[in-house]
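A.B. asks: The structure file target.cif (mmCIF, C-alpha atoms and all ligand atoms) is provided below.
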```cif
data_structure
loop_
_atom_site.label_atom_id
_atom_site.label_comp_id
_atom_site.auth_asym_id
_atom_site.auth_seq_id
_atom_site.Cartn_x
_atom_site.Cartn_y
_atom_site.Cartn_z
CA MET K 1 -9.78 -22.90 -8.35
CA ARG K 2 -6.11 -23.59 -7.70
CA ARG K 3 -3.13 -21.98 -9.39
CA TYR K 4 -2.96 -24.82 -11.92
CA GLU K 5 -6.48 -24.14 -13.18
CA LEU K 6 -5.77 -20.41 -13.16
CA LEU K 7 -2.68 -20.94 -15.31
CA GLN K 8 -4.77 -23.13 -17.63
CA SER K 9 -7.29 -20.29 -17.93
CA ILE K 10 -4.70 -17.65 -18.86
CA ALA K 11 -2.48 -19.74 -21.15
CA PRO K 12 -4.71 -19.21 -24.23
CA LEU K 13 -4.22 -15.44 -23.86
CA LEU K 14 -0.45 -15.61 -24.26
CA THR K 15 1.05 -14.91 -27.69
CA ASP K 16 4.21 -12.83 -28.04
CA GLU K 17 4.46 -11.83 -24.38
CA PHE K 18 7.54 -12.80 -22.39
CA VAL K 19 6.83 -14.58 -19.12
CA ILE K 20 9.04 -14.80 -16.02
CA CYS K 21 7.67 -17.63 -13.89
CA ASN K 22 8.23 -18.13 -10.19
CA LEU K 23 10.19 -21.15 -9.00
CA GLY K 24 8.84 -24.48 -7.85
CA PHE K 25 5.31 -25.65 -8.58
CA PRO K 26 4.31 -22.52 -10.57
CA SER K 27 7.04 -23.17 -13.14
CA GLN K 28 6.29 -26.92 -13.25
CA GLU K 29 2.62 -26.21 -13.78
CA LEU K 30 3.16 -23.59 -16.49
CA TYR K 31 5.64 -25.88 -18.23
CA SER K 32 3.15 -28.76 -18.23
CA ILE K 33 0.33 -26.56 -19.58
CA ARG K 34 2.25 -24.66 -22.23
CA ASP K 35 5.98 -24.43 -22.88
CA THR K 36 7.58 -21.94 -25.26
CA ASP K 37 10.89 -20.14 -25.59
CA HIS K 38 9.08 -17.04 -24.30
CA HIS K 39 9.01 -18.56 -20.82
CA PHE K 40 11.83 -18.03 -18.32
CA TYR K 41 11.47 -20.59 -15.54
CA MET K 42 13.09 -19.67 -12.25
CA LEU K 43 14.79 -22.49 -10.39
CA GLY K 44 15.88 -20.50 -7.33
CA SER K 45 16.20 -16.88 -6.13
CA MET K 46 12.75 -16.79 -4.53
CA GLY K 47 11.27 -13.30 -4.61
CA LEU K 48 12.90 -12.07 -7.78
CA SER K 49 10.34 -12.89 -10.49
CA SER K 50 8.95 -9.35 -10.29
CA SER K 51 12.39 -7.73 -10.45
CA ILE K 52 13.62 -9.90 -13.34
CA GLY K 53 10.45 -9.05 -15.27
CA LEU K 54 10.88 -5.36 -14.56
CA GLY K 55 14.48 -5.35 -15.81
CA LEU K 56 13.36 -7.10 -18.98
CA ALA K 57 10.37 -4.78 -19.51
CA MET K 58 12.73 -1.79 -19.28
CA GLU K 59 14.59 -3.04 -22.34
CA ILE K 60 12.02 -4.51 -24.73
CA ASP K 61 8.74 -3.44 -26.32
CA ASN K 62 6.88 -6.74 -25.91
CA THR K 63 4.68 -7.12 -22.89
CA VAL K 64 6.39 -8.83 -19.96
CA ILE K 65 4.33 -10.81 -17.46
CA SER K 66 5.91 -11.83 -14.17
CA ILE K 67 3.98 -14.70 -12.63
CA ASP K 68 4.69 -14.45 -8.94
CA GLY K 69 3.39 -15.83 -5.66
CA ASP K 70 2.19 -14.27 -2.44
CA GLY K 71 5.07 -15.62 -0.36
CA SER K 72 7.60 -14.50 -2.96
CA VAL K 73 6.21 -10.98 -3.28
CA LEU K 74 6.25 -10.65 0.50
CA MET K 75 10.00 -11.34 0.33
CA ASN K 76 10.66 -8.49 -2.10
CA LEU K 77 8.05 -5.82 -1.38
CA GLY K 78 10.49 -3.00 -2.12
CA THR K 79 10.46 -3.78 -5.81
CA LEU K 80 6.78 -2.73 -5.97
CA SER K 81 7.94 0.86 -5.43
CA THR K 82 10.57 0.47 -8.14
CA ILE K 83 7.91 -0.90 -10.52
CA ALA K 84 5.76 2.15 -9.71
CA LEU K 85 8.60 4.62 -10.33
CA GLU K 86 9.69 2.85 -13.50
CA ASP K 87 6.13 3.11 -14.85
CA ARG K 88 6.55 0.66 -17.73
CA LYS K 89 3.50 0.40 -19.97
CA ASN K 90 4.48 -3.14 -20.97
CA PHE K 91 4.76 -4.73 -17.52
CA ILE K 92 2.19 -6.92 -15.76
CA LEU K 93 2.78 -8.52 -12.37
CA LEU K 94 0.37 -11.42 -11.90
CA ILE K 95 0.45 -12.50 -8.27
CA VAL K 96 -1.21 -15.87 -7.78
CA ASP K 97 -2.22 -15.54 -4.14
CA ASN K 98 -3.06 -18.87 -2.53
CA GLY K 99 -2.24 -17.61 0.96
CA SER K 100 0.32 -20.34 1.20
CA TYR K 101 3.96 -21.29 0.66
CA GLY K 102 2.79 -23.95 -1.77
CA SER K 103 6.15 -25.38 -2.78
CA THR K 104 7.26 -26.02 0.78
CA GLY K 105 4.23 -27.79 2.25
CA ASP K 106 1.47 -25.17 2.31
CA GLN K 107 2.48 -23.20 5.37
CA PRO K 108 0.22 -20.12 5.50
CA THR K 109 1.60 -16.76 4.38
CA HIS K 110 0.53 -13.45 5.89
CA THR K 111 -1.92 -12.89 3.03
CA ALA K 112 -3.97 -15.75 4.49
CA LYS K 113 -4.31 -13.64 7.62
CA GLY K 114 -5.34 -10.32 6.13
CA THR K 115 -2.43 -8.70 4.28
CA SER K 116 -3.61 -7.24 0.96
CA LEU K 117 -0.91 -7.27 -1.69
CA ALA K 118 -3.12 -5.23 -4.04
CA ALA K 119 -3.42 -2.51 -1.40
CA ILE K 120 0.36 -2.58 -0.85
CA ALA K 121 0.99 -2.32 -4.59
CA LYS K 122 -1.43 0.57 -4.86
CA ALA K 123 0.22 2.36 -1.95
CA ALA K 124 3.60 1.79 -3.60
CA GLY K 125 2.27 3.86 -6.48
CA ILE K 126 0.97 1.33 -8.99
CA ALA K 127 -2.47 2.77 -9.77
CA SER K 128 -3.69 -0.28 -11.66
CA SER K 129 -3.52 -2.78 -8.80
CA VAL K 130 -6.52 -5.01 -8.22
CA GLU K 131 -7.48 -8.16 -6.41
CA VAL K 132 -9.72 -10.58 -8.27
CA ALA K 133 -11.07 -14.05 -7.68
CA GLY K 134 -9.05 -16.69 -9.51
CA VAL K 135 -11.95 -17.43 -11.87
CA ASP K 136 -11.90 -13.78 -13.00
CA ALA K 137 -8.14 -13.56 -13.52
CA ALA K 138 -8.15 -14.41 -17.24
CA GLU K 139 -10.71 -11.74 -18.00
CA LYS K 140 -8.73 -9.18 -16.01
CA LEU K 141 -5.48 -10.19 -17.67
CA ALA K 142 -7.07 -9.88 -21.11
CA GLU K 143 -8.11 -6.34 -20.20
CA CYS K 144 -4.64 -5.47 -18.88
CA LEU K 145 -3.00 -6.80 -22.04
CA LYS K 146 -4.98 -4.19 -23.97
CA THR K 147 -4.29 -1.22 -21.71
CA PRO K 148 -1.03 0.54 -20.75
CA GLY K 149 0.52 -0.71 -17.52
CA PRO K 150 2.11 -1.25 -15.21
CA HIS K 151 -0.59 -3.55 -13.87
CA VAL K 152 -0.67 -5.66 -10.74
CA ILE K 153 -3.27 -8.42 -10.64
CA VAL K 154 -3.63 -10.30 -7.37
CA ALA K 155 -5.62 -13.45 -8.15
CA LYS K 156 -6.98 -15.26 -5.09
CA VAL K 157 -6.93 -19.05 -5.42
CA GLU K 158 -7.02 -22.14 -3.23
CA PRO K 159 -3.75 -23.75 -2.20
CA GLY K 160 -2.74 -27.06 -3.75
CA SER K 161 -1.04 -28.44 -6.83
CA PRO K 162 -1.26 -31.49 -9.05
CA ALA K 163 1.60 -33.98 -8.82
CA LEU K 164 4.18 -32.93 -11.41
CA THR K 165 7.84 -33.56 -12.02
CA PRO K 166 10.66 -31.00 -12.19
CA ILE K 167 11.14 -29.22 -15.51
CA PRO K 168 13.49 -31.25 -17.73
CA LEU K 169 15.43 -28.17 -18.86
CA SER K 170 18.76 -27.04 -17.50
CA SER K 171 19.23 -23.50 -16.23
CA LEU K 172 21.50 -22.77 -19.19
CA ALA K 173 18.96 -24.12 -21.68
CA ILE K 174 16.28 -21.91 -20.11
CA ARG K 175 18.64 -18.92 -20.24
CA ASP K 176 19.81 -19.39 -23.81
CA ARG K 177 16.52 -20.11 -25.53
CA PHE K 178 14.83 -17.23 -23.72
CA ARG K 179 17.64 -14.82 -24.56
CA ASP K 180 17.54 -15.91 -28.20
CA ALA K 181 13.77 -15.40 -28.30
CA VAL K 182 14.13 -11.89 -26.88
CA LYS K 183 16.84 -11.13 -29.41
CA GLN K 184 14.62 -12.34 -32.22
CA ALA K 185 11.72 -10.23 -30.97
CA ARG K 186 13.92 -7.13 -30.99
CA THR K 187 15.06 -7.46 -34.59
CA MET X 1 43.91 11.93 -8.93
CA SER X 2 41.09 13.84 -7.25
CA ALA X 3 37.98 12.07 -5.98
CA GLY X 4 35.94 13.46 -8.88
CA ASP X 5 38.47 12.19 -11.39
CA VAL X 6 38.36 8.62 -10.09
CA ASN X 7 34.57 8.54 -10.47
CA GLN X 8 34.79 9.81 -14.05
CA ALA X 9 37.67 7.50 -14.91
CA LEU X 10 35.93 4.43 -13.45
CA LEU X 11 32.71 5.06 -15.36
CA ALA X 12 34.64 5.81 -18.56
CA ASP X 13 36.58 2.54 -18.30
CA LEU X 14 33.45 0.50 -17.51
CA LYS X 15 31.63 2.04 -20.48
CA ALA X 16 34.63 1.56 -22.77
CA ASN X 17 34.38 -2.14 -21.95
CA GLY X 18 30.69 -2.37 -22.83
CA ALA X 19 28.86 -1.70 -19.57
CA ASP X 20 25.62 0.09 -20.39
CA PHE X 21 23.15 -0.71 -17.61
CA PHE X 22 23.77 0.21 -13.97
CA VAL X 23 21.86 -0.20 -10.75
CA SER X 24 22.97 0.92 -7.32
CA VAL X 25 22.30 0.61 -3.63
CA PRO X 26 23.91 3.56 -1.87
CA CYS X 27 27.09 3.81 0.19
CA LYS X 28 28.94 6.84 1.51
CA LEU X 29 32.07 5.82 -0.41
CA LEU X 30 29.99 5.54 -3.61
CA GLY X 31 28.27 8.91 -3.33
CA GLY X 32 30.39 10.61 -5.96
CA PHE X 33 30.29 7.63 -8.31
CA ILE X 34 26.51 7.39 -8.02
CA SER X 35 26.24 11.11 -8.89
CA THR X 36 28.42 10.42 -11.93
CA LEU X 37 26.08 7.60 -12.96
CA GLU X 38 23.02 9.82 -12.50
CA GLN X 39 24.49 12.47 -14.79
CA ASP X 40 25.48 10.18 -17.65
CA ASN X 41 22.96 10.19 -20.49
CA GLU X 42 24.52 7.33 -22.45
CA ILE X 43 23.78 4.61 -19.92
CA THR X 44 20.68 3.31 -18.17
CA TYR X 45 20.98 3.90 -14.44
CA ARG X 46 18.48 3.10 -11.70
CA ALA X 47 18.58 3.24 -7.91
CA VAL X 48 17.16 0.09 -6.32
CA ASN X 49 16.06 -0.77 -2.78
CA ARG X 50 18.11 -3.85 -2.15
CA GLU X 51 20.91 -5.82 -3.77
CA GLU X 52 18.72 -8.86 -4.52
CA GLU X 53 16.26 -6.64 -6.35
CA GLY X 54 19.19 -5.17 -8.25
CA LEU X 55 20.35 -8.65 -9.23
CA GLY X 56 16.85 -9.43 -10.52
CA ILE X 57 16.70 -6.24 -12.58
CA CYS X 58 20.22 -6.85 -13.93
CA THR X 59 19.13 -10.37 -14.90
CA GLY X 60 16.19 -9.01 -16.88
CA ALA X 61 18.46 -6.50 -18.59
CA TYR X 62 21.00 -9.22 -19.41
CA LEU X 63 18.25 -11.40 -20.91
CA ALA X 64 17.47 -8.41 -23.14
CA GLY X 65 21.08 -8.21 -24.31
CA ARG X 66 22.38 -5.44 -22.06
CA THR X 67 25.64 -5.50 -20.09
CA PRO X 68 24.76 -4.79 -16.45
CA VAL X 69 26.84 -3.56 -13.53
CA MET X 70 25.63 -3.48 -9.92
CA VAL X 71 27.13 -0.79 -7.70
CA MET X 72 26.82 -1.61 -4.01
CA GLN X 73 28.36 -1.65 -0.55
CA ASN X 74 30.09 -4.80 0.72
CA THR X 75 27.45 -5.21 3.45
CA GLY X 76 24.99 -5.97 0.63
CA VAL X 77 26.94 -9.08 -0.29
CA GLY X 78 25.47 -10.64 2.85
CA THR X 79 21.90 -10.21 1.60
CA LEU X 80 22.82 -11.41 -1.86
CA ILE X 81 24.46 -14.79 -1.31
CA THR X 82 21.45 -17.04 -1.99
CA SER X 83 20.45 -15.28 -5.19
CA LEU X 84 24.04 -15.05 -6.37
CA CYS X 85 24.17 -18.84 -6.04
CA SER X 86 20.76 -19.86 -7.40
CA LEU X 87 20.39 -17.16 -10.08
CA GLY X 88 23.75 -15.55 -10.89
CA ASN X 89 25.89 -18.67 -10.66
CA TYR X 90 23.29 -21.30 -11.55
CA TYR X 91 22.21 -19.56 -14.76
CA ARG X 92 25.77 -18.32 -15.33
CA LEU X 93 24.80 -14.68 -15.73
CA PRO X 94 27.77 -12.44 -16.52
CA PHE X 95 27.70 -9.14 -14.68
CA LEU X 96 30.09 -7.08 -12.62
CA MET X 97 29.55 -6.00 -9.04
CA VAL X 98 31.40 -2.80 -8.15
CA VAL X 99 31.58 -3.08 -4.38
CA SER X 100 32.76 -0.43 -1.93
CA HIS X 101 34.78 -1.84 0.96
CA ARG X 102 33.44 -0.47 4.20
CA GLY X 103 34.94 -1.99 7.33
CA SER X 104 38.48 -1.94 5.92
CA PRO X 105 41.34 0.39 7.05
CA GLY X 106 40.06 3.95 7.00
CA GLU X 107 36.72 2.88 8.42
CA PRO X 108 35.41 5.04 11.29
CA ILE X 109 32.43 2.80 12.24
CA GLY X 110 33.16 -0.38 14.18
CA ALA X 111 29.93 -2.06 13.14
CA GLN X 112 31.17 -2.14 9.53
CA VAL X 113 34.25 -4.21 10.38
CA PRO X 114 32.67 -7.71 10.65
CA MET X 115 31.27 -7.64 7.08
CA GLY X 116 34.31 -5.73 5.87
CA THR X 117 36.44 -8.62 7.07
CA ALA X 118 34.14 -11.38 5.78
CA VAL X 119 33.23 -10.11 2.34
CA GLU X 120 36.11 -11.44 0.26
CA THR X 121 35.92 -14.92 1.82
CA LEU X 122 32.13 -15.01 1.41
CA LEU X 123 32.36 -14.30 -2.31
CA GLN X 124 35.22 -16.77 -2.78
CA THR X 125 33.27 -19.42 -0.87
CA ILE X 126 30.48 -19.23 -3.48
CA ASN X 127 33.03 -19.18 -6.31
CA VAL X 128 32.53 -15.61 -7.45
CA PRO X 129 35.81 -14.34 -8.94
CA THR X 130 36.71 -11.48 -6.61
CA TYR X 131 39.44 -8.87 -6.98
CA MET X 132 40.55 -6.17 -4.54
CA PHE X 133 41.66 -2.72 -5.72
CA SER X 134 43.32 0.03 -3.70
CA SER X 135 44.64 2.53 -6.23
CA PRO X 136 42.70 5.09 -8.28
CA SER X 137 45.00 4.14 -11.15
CA ASP X 138 43.33 0.70 -11.27
CA THR X 139 40.20 1.82 -13.14
CA LYS X 140 41.38 0.24 -16.42
CA LYS X 141 41.78 -3.14 -14.75
CA ILE X 142 38.34 -2.82 -13.19
CA GLY X 143 36.84 -1.96 -16.58
CA GLN X 144 38.40 -5.10 -18.01
CA LEU X 145 36.36 -7.15 -15.55
CA VAL X 146 33.25 -6.39 -17.66
CA PRO X 147 34.37 -8.59 -20.58
CA PHE X 148 36.01 -10.95 -18.08
CA ALA X 149 32.57 -11.66 -16.57
CA SER X 150 31.48 -12.85 -20.03
CA VAL X 151 34.59 -15.00 -20.33
CA ALA X 152 34.02 -16.40 -16.83
CA GLU X 153 30.28 -16.71 -17.65
CA GLY X 154 29.10 -15.52 -14.27
CA PRO X 155 29.10 -12.79 -11.67
CA VAL X 156 32.43 -11.11 -10.90
CA ALA X 157 33.20 -8.73 -8.03
CA ALA X 158 35.58 -5.77 -7.76
CA ILE X 159 36.04 -4.59 -4.18
CA LEU X 160 37.27 -0.99 -3.94
CA ASP X 161 38.64 0.23 -0.63
CA TYR X 162 39.11 3.62 1.05
CA ASP X 163 42.38 4.29 -0.76
CA PHE X 164 40.80 3.62 -4.15
CA TRP X 165 38.17 6.27 -3.45
CA GLY X 166 40.76 8.66 -1.96
CA ALA X 167 38.77 8.64 1.27
CA ARG X 168 41.51 8.46 3.89
MG MG K 201 1.66 -18.92 -2.47
#
```
Rewrite the coordinates I just gave you, this time as structure tokens.
Ligand SMILES: [Mg+2]

C.D. replies:
Amino acid sequence: MRRYELLQSIAPLLTDEFVICNLGFPSQELYSIRDTDHHFYMLGSMGLSSSIGLGLAMEIDNTVISIDGDGSVLMNLGTLSTIALEDRKNFILLIVDNGSYGSTGDQPTHTAKGTSLAAIAKAAGIASSVEVAGVDAAEKLAECLKTPGPHVIVAKVEPGSPALTPIPLSSLAIRDRFRDAVKQART
Amino acid sequence: MSAGDVNQALLADLKANGADFFVSVPCKLLGGFISTLEQDNEITYRAVNREEEGLGICTGAYLAGRTPVMVMQNTGVGTLITSLCSLGNYYRLPFLMVVSHRGSPGEPIGAQVPMGTAVETLLQTINVPTYMFSSPSDTKKIGQLVPFASVAEGPVAAILDYDFWGAR
């Protein structure tokens, strides 16, 4: 299973959650599978999906899911400790771990050589941190959606992506429709 | 104005202009201001590990309708440039950076001087409106940068030197 098939498997679970999606192929794939105004697609700032999701989860009641990658999380490990301290019940960090910098030509990341992001997240203080096979990610996510977080799910998948095109939305369109959707959810 | 007064006055003027969500990365010059933030019950305040993380958290808070301010040392501008460009500027996210100016006159540590000298030019190079303040009586003007960030539709920086903090 690749990330694309994993995203296909979790898409039916999403209803009123807000999703922050990592830049590059992950956002293109999610957009092609299911696009709603509850999705914030990153176009840059690699590493910050988790932190953006955390800031959002601090301020709203809806569940927030940050869809992140192994290479990106490795760039911003410190935020795992902030997520632990913040202890938001409504926050889920879904790390799609393909052991690869997929958007830049599949160079291996350190998770391909033994680093366990679930173990790092647990040591940072996030008790509900697990690694699952990609095929089991949807079941695990369904369980996490029903139980208080914060949760970290590290889903192991194969590298690779289907051929897709960039998202035909401008940064400002992504910003405004997402912000409007959050506003609507709060009233 | 005593050092304690400038911290109180700065927070009061930021709040009066709508700021309600603060994150910080520490700096010796900011110690008193960070204590003031910690003690204020009307705002959300969190310490973060790194300026990029702070920008991410401020972005989430902004998307939820809050008015964020990041409190940081000028050295942190160096770690923040890419995300300021591809997140702050590209999505036109209004927020204020309150930046202490290490490496400017009054500085005892030579290693601070290179970033102290570069910081204003770095921010101007990536088109972040940047203003320098040296007097504790400037807190009103700094507070007004909160709504100005909304007008400018993007990140704005206030750089506050040793004289502003009464530290030399
Ligand atoms: Mg990857």

A.B. asks: Report as a list in words all protein, DNA and RNA residues lying within 8 Å of Thr44 of chain X, evaluated on all atoms listed in the file, omitting residues in the same chain fewer than 3 positions from it.

C.D. replies: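 What passes the distance filter is Asp20, Phe21, Phe22 and Asn41 of chain X.
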
A.B. asks: Mind checking which residues fall within 10 Å of segment 19-27 of chain K, counting only C-alpha atoms, ignoring those fewer than 2 positions away in the same chain, and posting them as a PyMOL selection string?

C.D. replies: (chain K and resi 3-4+7+14+16-17+29-33+35-54+56+63-69+72+92-96+102-104+160-167+178) or (chain X and resi 60)

A.B. asks: Have a look at K:Leu141, K:Ala119, K:Leu6, K:Leu80 and name the one nearest to chain X; count all atoms listed in the file.

C.D. replies: K:Leu80

A.B. asks: Using only C-alpha atoms, which residue out of X:Gly103, X:Pro108, X:Pro94, X:Gly4 lies closest to Pro147 of chain X?

C.D. replies: X:Pro94

A.B. asks: Considering all atoms listed in the file, state which residue in the set K:Pro12, K:Gly134, K:Gly149, K:Gly55 is at the smallest distance from chain X.

C.D. replies: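 The answer is K:Gly55, which sits nearest to chain X.
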
A.B. asks: Would you list the residues that come within 7 Å of ligand MG 201 (chain K)? Count all atoms listed in the file and give the answer as a list in words.

C.D. replies: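 Residues satisfying the distance criterion: Gly69, Asp70, Gly71, Val96, Asp97, Asn98, Gly99, Ser100, Tyr101 and Gly102 of chain K.
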
A.B. asks: Distance table requested - chain X against chain K, cut-off 9 Å, all atoms listed in the file: one row per qualifying residue with the closest atom pair and its distance in Å to one decimal, ordered by chain and rising residue number, as a Markdown table.

C.D. replies:
```
| residue | atom | partner | partner_atom | distance |
| --- | --- | --- | --- | --- |
| X:Arg46 | CA | K:Glu86 | CA | 9.0 |
| X:Ala47 | CA | K:Thr82 | CA | 8.5 |
| X:Val48 | CA | K:Thr82 | CA | 6.8 |
| X:Asn49 | CA | K:Gly78 | CA | 6.0 |
| X:Arg50 | CA | K:Gly78 | CA | 7.7 |
| X:Glu52 | CA | K:Leu48 | CA | 7.4 |
| X:Glu53 | CA | K:Ser51 | CA | 5.7 |
| X:Gly54 | CA | K:Ser51 | CA | 7.6 |
| X:Leu55 | CA | K:Ile52 | CA | 8.0 |
| X:Gly56 | CA | K:Ile52 | CA | 4.3 |
| X:Ile57 | CA | K:Gly55 | CA | 4.0 |
| X:Cys58 | CA | K:Gly55 | CA | 6.2 |
| X:Thr59 | CA | K:Ile52 | CA | 5.7 |
| X:Gly60 | CA | K:Leu56 | CA | 4.0 |
| X:Ala61 | CA | K:Gly55 | CA | 5.0 |
| X:Tyr62 | CA | K:Leu56 | CA | 7.9 |
| X:Leu63 | CA | K:Arg179 | CA | 5.0 |
| X:Ala64 | CA | K:Leu56 | CA | 6.0 |
| X:Gly65 | CA | K:Lys183 | CA | 7.2 |
| X:Arg66 | CA | K:Glu59 | CA | 8.2 |
| X:Thr82 | CA | K:Ser45 | CA | 6.7 |
| X:Ser83 | CA | K:Ser45 | CA | 4.6 |
| X:Leu84 | CA | K:Ser45 | CA | 8.1 |
| X:Cys85 | CA | K:Ser45 | CA | 8.2 |
| X:Ser86 | CA | K:Gly44 | CA | 4.9 |
| X:Leu87 | CA | K:Ser45 | CA | 5.8 |
| X:Tyr90 | CA | K:Ser171 | CA | 6.6 |
| X:Tyr91 | CA | K:Ser171 | CA | 5.2 |
| X:Arg92 | CA | K:Leu172 | CA | 7.3 |
| X:Leu93 | CA | K:Arg175 | CA | 8.7 |
```

A.B. asks: I need the residue nearest Asn89 of chain X from this list: X:Ala149, X:Val25, X:Ile43, X:Ile142. Use only C-alpha atoms for the distance.

C.D. replies: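 Nearest to Asn89 of chain X: X:Ala149.
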
A.B. asks: Quote the spacing between atom CA of Glu42 of chain X and atom CA of Ala19 of chain X in Å to one decimal place.

C.D. replies: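 So the answer is 10.4 Å.
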
A.B. asks: Report the distance between atom CA of Met72 of chain X and atom CA of Val156 of chain X in Å, rounded to one decimal place.

C.D. replies: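 Interatomic distance, atom CA of Met72 of chain X to atom CA of Val156 of chain X: 13.0 Å.
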
A.B. asks: Please report the interatomic distance between atom CA of Gly143 of chain X and atom CA of Pro114 of chain X in Å with one decimal.

C.D. replies: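 Separating atom CA of Gly143 of chain X from atom CA of Pro114 of chain X is a distance of 28.1 Å.
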
A.B. asks: Here is a test: counting only C-alpha atoms, which residue of X:Met97, X:Val77, X:Leu160, X:Ala9 is nearest to Val23 of chain X?

C.D. replies: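 The closest residue to Val23 of chain X is X:Met97.
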
A.B. asks: What lies within 9 Å of Ile34 of chain X using only C-alpha atoms, ignoring chain neighbours under 5 positions off, as a list in words?

C.D. replies: Asn7, Ser24, Pro26, Cys27, Gln39, Ala47 and Val71 of chain X

A.B. asks: Give me, as a VMD selection string, all polymer residues having an atom no more than 7 Å from Arg102 of chain X, counting all atoms listed in the file and skipping those fewer than 5 positions away in the same chain.

C.D. replies: chain X and resid 74 107 112 116

A.B. asks: Using only C-alpha atoms, which of X:Phe95, X:Tyr45, X:Phe133, X:Phe33 sits nearest Phe148 of chain X?

C.D. replies: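 Ranked by minimum distance to Phe148 of chain X, first place goes to X:Phe95.
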
A.B. asks: For segment 116-134 of chain K, supply N, CA and C atoms and format the output as a short mmCIF file (atom, residue, chain, number, x, y, z; two decimals), keeping the file's coordinate frame.

C.D. replies:
```
data_model
loop_
_atom_site.label_atom_id
_atom_site.label_comp_id
_atom_site.auth_asym_id
_atom_site.auth_seq_id
_atom_site.Cartn_x
_atom_site.Cartn_y
_atom_site.Cartn_z
N SER K 116 -3.15 -7.43 2.35
CA SER K 116 -3.61 -7.24 0.96
C SER K 116 -2.46 -6.77 0.08
N LEU K 117 -2.01 -7.65 -0.80
CA LEU K 117 -0.91 -7.27 -1.69
C LEU K 117 -1.36 -6.22 -2.70
N ALA K 118 -2.63 -6.26 -3.10
CA ALA K 118 -3.12 -5.23 -4.04
C ALA K 118 -3.08 -3.86 -3.38
N ALA K 119 -3.45 -3.80 -2.11
CA ALA K 119 -3.42 -2.51 -1.40
C ALA K 119 -1.97 -2.03 -1.23
N ILE K 120 -1.06 -2.95 -0.97
CA ILE K 120 0.36 -2.58 -0.85
C ILE K 120 0.87 -2.05 -2.18
N ALA K 121 0.53 -2.75 -3.26
CA ALA K 121 0.99 -2.32 -4.59
C ALA K 121 0.43 -0.94 -4.94
N LYS K 122 -0.82 -0.74 -4.60
CA LYS K 122 -1.43 0.57 -4.86
C LYS K 122 -0.72 1.65 -4.06
N ALA K 123 -0.46 1.37 -2.79
CA ALA K 123 0.22 2.36 -1.95
C ALA K 123 1.65 2.60 -2.41
N ALA K 124 2.25 1.60 -3.05
CA ALA K 124 3.60 1.79 -3.60
C ALA K 124 3.58 2.72 -4.80
N GLY K 125 2.39 2.94 -5.37
CA GLY K 125 2.27 3.86 -6.48
C GLY K 125 1.84 3.24 -7.80
N ILE K 126 1.46 1.98 -7.77
CA ILE K 126 0.97 1.33 -8.99
C ILE K 126 -0.55 1.47 -9.01
N ALA K 127 -1.04 2.43 -9.81
CA ALA K 127 -2.47 2.77 -9.77
C ALA K 127 -3.34 1.59 -10.16
N SER K 128 -2.90 0.86 -11.19
CA SER K 128 -3.69 -0.28 -11.66
C SER K 128 -3.30 -1.54 -10.88
N SER K 129 -3.77 -1.61 -9.65
CA SER K 129 -3.52 -2.78 -8.80
C SER K 129 -4.86 -3.27 -8.28
N VAL K 130 -5.21 -4.50 -8.64
CA VAL K 130 -6.52 -5.01 -8.22
C VAL K 130 -6.40 -6.43 -7.70
N GLU K 131 -7.33 -6.78 -6.85
CA GLU K 131 -7.48 -8.16 -6.41
C GLU K 131 -8.73 -8.73 -7.07
N VAL K 132 -8.58 -9.92 -7.63
CA VAL K 132 -9.72 -10.58 -8.27
C VAL K 132 -9.78 -12.03 -7.79
N ALA K 133 -10.96 -12.62 -7.92
CA ALA K 133 -11.07 -14.05 -7.68
C ALA K 133 -10.35 -14.79 -8.81
N GLY K 134 -9.78 -15.93 -8.50
CA GLY K 134 -9.05 -16.69 -9.51
C GLY K 134 -9.83 -16.90 -10.80
#
```
